[in-house]
Amino acid sequence: MARTLFVLTGAGISAESGLGTFRDTDGAWARFDPMRLATPEGFAADPVLVHAFYNQRRRDAVRAAPNPAHTALARLETELTSRGGRLFLCTQNIDDLHERAGCRAVTHMHGELLRARCVACGTEPVWHDDLSVETACPACGQRGGMRPDVVWFGEMPKHLEAIDEALAEADLFVAIGTSGAVYPAAGYVAQARAYGIPTLALTLEAADNAGMFESTRLGRASETVPALVD
Ligand code: BJW
């Protein structure tokens, strides 16, 4: 078993918890225009529409429960940590299912649904309720400037320095349930290869960057992840 494991997760790991993916045939981007819903320009043009999209997803995520793939990763974290190793769990997902499965250290590179951000003062409070154009910032009192604390297209993903450091230290790279369509996350497999680290993809269908992985196991995350861990 590797001592330091870098795991990158995407929407596919939460699909069996009932949260939709983006690029599958029934995914969000097959039904909605990502440029209107997941860009700062889209939010500026129609904040009511963007709030409605994220409010619904927040409600769905609160109702969802972790599945066996999430809980297997939590077991892996405990196991590696007890042996002096480390799981660096980097997720593109904005739900909190890794945390609710018991993972203690989760790096949310695309932000979190359960946080809001005030564009006026920059405060990032924990947020469980709906947001609206009337919502006031709890820190500065400004109305209309609260947005979901998520990373939209054209915005800088979070924690990039910690992610680069963890990739450089890892001795195995595993991507789970991600289509390899969105950068910079889609480029991490190439970075891992450049460091000489073995690379493995666990996904339902071959990803856009499938050719970069040394091994791929196709299947549902709820089966392939426990099979890898246990
Ligand atoms: C299962 C399964 C089951 C199903 N079991 N598997 C280089 C080249 C070209 C473009 C760019 C580039 N660099 C940057 C860009 C621009 C852009 C980008 O990548 N565009 C592409 C579309 C080409 N990137 C950005 O703008 C990013 N910012 C940025 O690059 O800043 C500058 C920078 C410069 C230098 C260094 C670093 C940065 C920001 C990207 C923000 C993405 N935001 C979103 C929405 C916000 C969050 C949210 O609403 O949730 O994040 S888009 C959406 O895609 C969401 C996801 O996190 C992200 C990735 O999707 P994911 O997770 O891969 O889901 P799917 O649906 O695509 O795939 C699901 C997979 O699961 C499938 O493969 C299924 O087969 C599988 N699956 N069921 C196992 N049961």
# chains A, B, ... in the order shown; residues from 1 in each chain; ligands from 1
call {"tool": "select_by_dssp", "arguments": {"residues": "region 11-206 of chain A", "states": "strand (DSSP E)", "output": "PDB file with C-alpha atoms, in the first residue's frame"}}
result
ATOM      1  CA  ARG A  86      -1.253  10.303   4.318  1.00  0.00           C
ATOM      2  CA  LEU A  87      -4.324  10.548   2.119  1.00  0.00           C
ATOM      3  CA  PHE A  88      -4.487  13.869   0.280  1.00  0.00           C
ATOM      4  CA  LEU A  89      -8.115  14.010  -0.789  1.00  0.00           C
ATOM      5  CA  CYS A  90      -8.643  16.698  -3.400  1.00  0.00           C
ATOM      6  CA  THR A  91     -12.238  17.032  -4.545  1.00  0.00           C
ATOM      7  CA  VAL A 106     -10.686  17.358   2.415  1.00  0.00           C
ATOM      8  CA  THR A 107      -9.362  19.922  -0.052  1.00  0.00           C
ATOM      9  CA  HIS A 108     -12.268  21.499  -1.960  1.00  0.00           C
ATOM     10  CA  GLY A 111     -15.250  25.563  -3.205  1.00  0.00           C
ATOM     11  CA  GLU A 112     -18.160  24.472  -1.029  1.00  0.00           C
ATOM     12  CA  LEU A 113     -21.933  24.705  -1.363  1.00  0.00           C
ATOM     13  CA  LEU A 114     -22.262  25.142   2.399  1.00  0.00           C
ATOM     14  CA  ARG A 115     -20.273  28.368   2.366  1.00  0.00           C
ATOM     15  CA  ALA A 116     -21.209  31.764   1.007  1.00  0.00           C
ATOM     16  CA  ARG A 117     -18.891  34.611   0.060  1.00  0.00           C
ATOM     17  CA  CYS A 118     -19.457  38.339   0.320  1.00  0.00           C
ATOM     18  CA  MET A 146     -23.581  37.255  -1.203  1.00  0.00           C
ATOM     19  CA  ARG A 147     -22.735  34.467  -3.657  1.00  0.00           C
ATOM     20  CA  PRO A 148     -22.073  30.732  -3.318  1.00  0.00           C
ATOM     21  CA  ASP A 149     -18.422  30.149  -2.382  1.00  0.00           C
ATOM     22  CA  VAL A 150     -17.791  28.022  -5.467  1.00  0.00           C
ATOM     23  CA  LEU A 172       0.196   6.986  -6.156  1.00  0.00           C
ATOM     24  CA  PHE A 173      -2.341   9.160  -8.029  1.00  0.00           C
ATOM     25  CA  VAL A 174      -5.975   7.986  -8.257  1.00  0.00           C
ATOM     26  CA  ALA A 175      -8.775   9.865 -10.058  1.00  0.00           C
ATOM     27  CA  ILE A 176     -12.346   8.827  -9.223  1.00  0.00           C
ATOM     28  CA  THR A 199      -1.693   6.681 -12.080  1.00  0.00           C
ATOM     29  CA  LEU A 200      -5.080   4.956 -11.843  1.00  0.00           C
ATOM     30  CA  ALA A 201      -8.568   6.046 -12.976  1.00  0.00           C
ATOM     31  CA  LEU A 202     -11.767   4.652 -11.450  1.00  0.00           C
ATOM     32  CA  THR A 203     -14.716   5.772 -13.535  1.00  0.00           C
TER      33      THR A 203
END
call {"tool": "residues_near_ligand", "arguments": {"ligand": "ligand 1", "cutoff": "7 Å", "atoms": "only C-alpha atoms and all ligand atoms", "output": "PyMOL selection string"}}
result
chain A and resi 9-13+15-16+21-24+27+38+92-94+110+150-157+176-184+202-207+219-222
call {"tool": "closest_residue", "arguments": {"among": "A:Phe43, A:Asp95, A:Asp33, A:Phe6", "to": "Gly20 (chain A)", "atoms": "only C-alpha atoms"}}
result
A:Asp95
call {"tool": "atom_distance", "arguments": {"atom1": "CA of Ala65 (chain A)", "atom2": "CA of Leu97 (chain A)"}}
result
6.7 Å
call {"tool": "residues_around", "arguments": {"residues": "Pro226 (chain A)", "least_positions_apart": "5", "cutoff": "8 Å", "atoms": "only C-alpha atoms", "output": "ChimeraX atom specification"}}
result
/A:68-69,72-73
call {"tool": "residues_around", "arguments": {"residues": "Ala166 (chain A)", "least_positions_apart": "2", "cutoff": "9 Å", "atoms": "only C-alpha atoms", "output": "ChimeraX atom specification"}}
result
/A:4-6,88,161-164,168-170
call {"tool": "write_last_selection", "arguments": {"atoms": "C-alpha atoms", "output": "PDB file, in the first residue's frame"}}
result
ATOM      1  CA  THR A   4       1.131   8.990   0.428  1.00  0.00           C
ATOM      2  CA  LEU A   5      -1.878   8.759  -1.810  1.00  0.00           C
ATOM      3  CA  PHE A   6      -3.259  11.629  -3.883  1.00  0.00           C
ATOM      4  CA  PHE A  88      -4.487  13.869   0.280  1.00  0.00           C
ATOM      5  CA  GLU A 161      -0.201  25.521  -3.741  1.00  0.00           C
ATOM      6  CA  ALA A 162      -1.146  22.758  -1.279  1.00  0.00           C
ATOM      7  CA  ILE A 163      -2.317  20.593  -4.198  1.00  0.00           C
ATOM      8  CA  ASP A 164       0.971  21.035  -6.085  1.00  0.00           C
ATOM      9  CA  ALA A 168       5.007  16.254  -5.671  1.00  0.00           C
ATOM     10  CA  GLU A 169       5.078  14.126  -2.482  1.00  0.00           C
ATOM     11  CA  ALA A 170       2.604  11.422  -3.565  1.00  0.00           C
TER      12      ALA A 170
END
call {"tool": "atom_distance", "arguments": {"atom1": "CA of Ala61 (chain A)", "atom2": "CA of Gly18 (chain A)"}}
result
8.6 Å
call {"tool": "atom_distance", "arguments": {"atom1": "CA of Gly144 (chain A)", "atom2": "CA of His51 (chain A)"}}
result
11.2 Å
call {"tool": "residues_around", "arguments": {"residues": "Val50 (chain A)", "least_positions_apart": "2", "cutoff": "12 Å", "atoms": "only C-alpha atoms", "output": "number ranges by chain"}}
result
A: 32-48, 52-57, 130-133, 146-148, 150, 152
call {"tool": "write_last_selection", "arguments": {"atoms": "C-alpha atoms", "output": "compact mmCIF listing (two decimals), in the first residue's frame"}}
result
# COMPACT_ATOMS: atom_id res chain seq x y z
CA PHE A 32 -28.41 24.04 -18.52
CA ASP A 33 -25.93 26.44 -20.07
CA PRO A 34 -22.76 26.49 -17.93
CA MET A 35 -21.90 29.97 -19.23
CA ARG A 36 -25.12 31.33 -17.66
CA LEU A 37 -24.86 29.34 -14.40
CA ALA A 38 -21.18 28.85 -13.65
CA THR A 39 -19.35 32.03 -14.66
CA PRO A 40 -18.98 35.39 -12.88
CA GLU A 41 -20.47 37.00 -16.01
CA GLY A 42 -23.55 34.77 -15.81
CA PHE A 43 -24.01 35.69 -12.13
CA ALA A 44 -23.69 39.41 -12.91
CA ALA A 45 -26.25 39.09 -15.73
CA ASP A 46 -28.85 37.03 -13.83
CA PRO A 47 -28.13 36.49 -10.12
CA VAL A 48 -31.71 35.27 -9.49
CA ALA A 52 -31.99 29.33 -7.85
CA PHE A 53 -29.61 26.75 -9.40
CA TYR A 54 -27.29 26.65 -6.36
CA ASN A 55 -30.14 26.84 -3.81
CA GLN A 56 -31.66 23.71 -5.35
CA ARG A 57 -28.29 21.94 -5.41
CA ASP A 130 -30.99 29.67 0.44
CA LEU A 131 -29.17 32.75 -0.87
CA SER A 132 -30.94 35.58 -2.70
CA VAL A 133 -30.20 39.01 -4.10
CA MET A 146 -23.58 37.25 -1.20
CA ARG A 147 -22.73 34.47 -3.66
CA PRO A 148 -22.07 30.73 -3.32
CA VAL A 150 -17.79 28.02 -5.47
CA TRP A 152 -16.78 29.27 -11.64
call {"tool": "select_by_dssp", "arguments": {"residues": "region 166-199 of chain A", "states": "helix (DSSP H, G or I)", "output": "list in words"}}
result
Ala166, Leu167, Ala168, Glu169, Ala185, Ala186, Gly187, Tyr188, Val189, Ala190, Gln191, Ala192, Arg193 and Ala194 of chain A
call {"tool": "closest_residue", "arguments": {"among": "A:Trp29, A:Phe213, A:Gln142, A:Ala101", "to": "Pro66 (chain A)", "atoms": "only C-alpha atoms"}}
result
A:Ala101
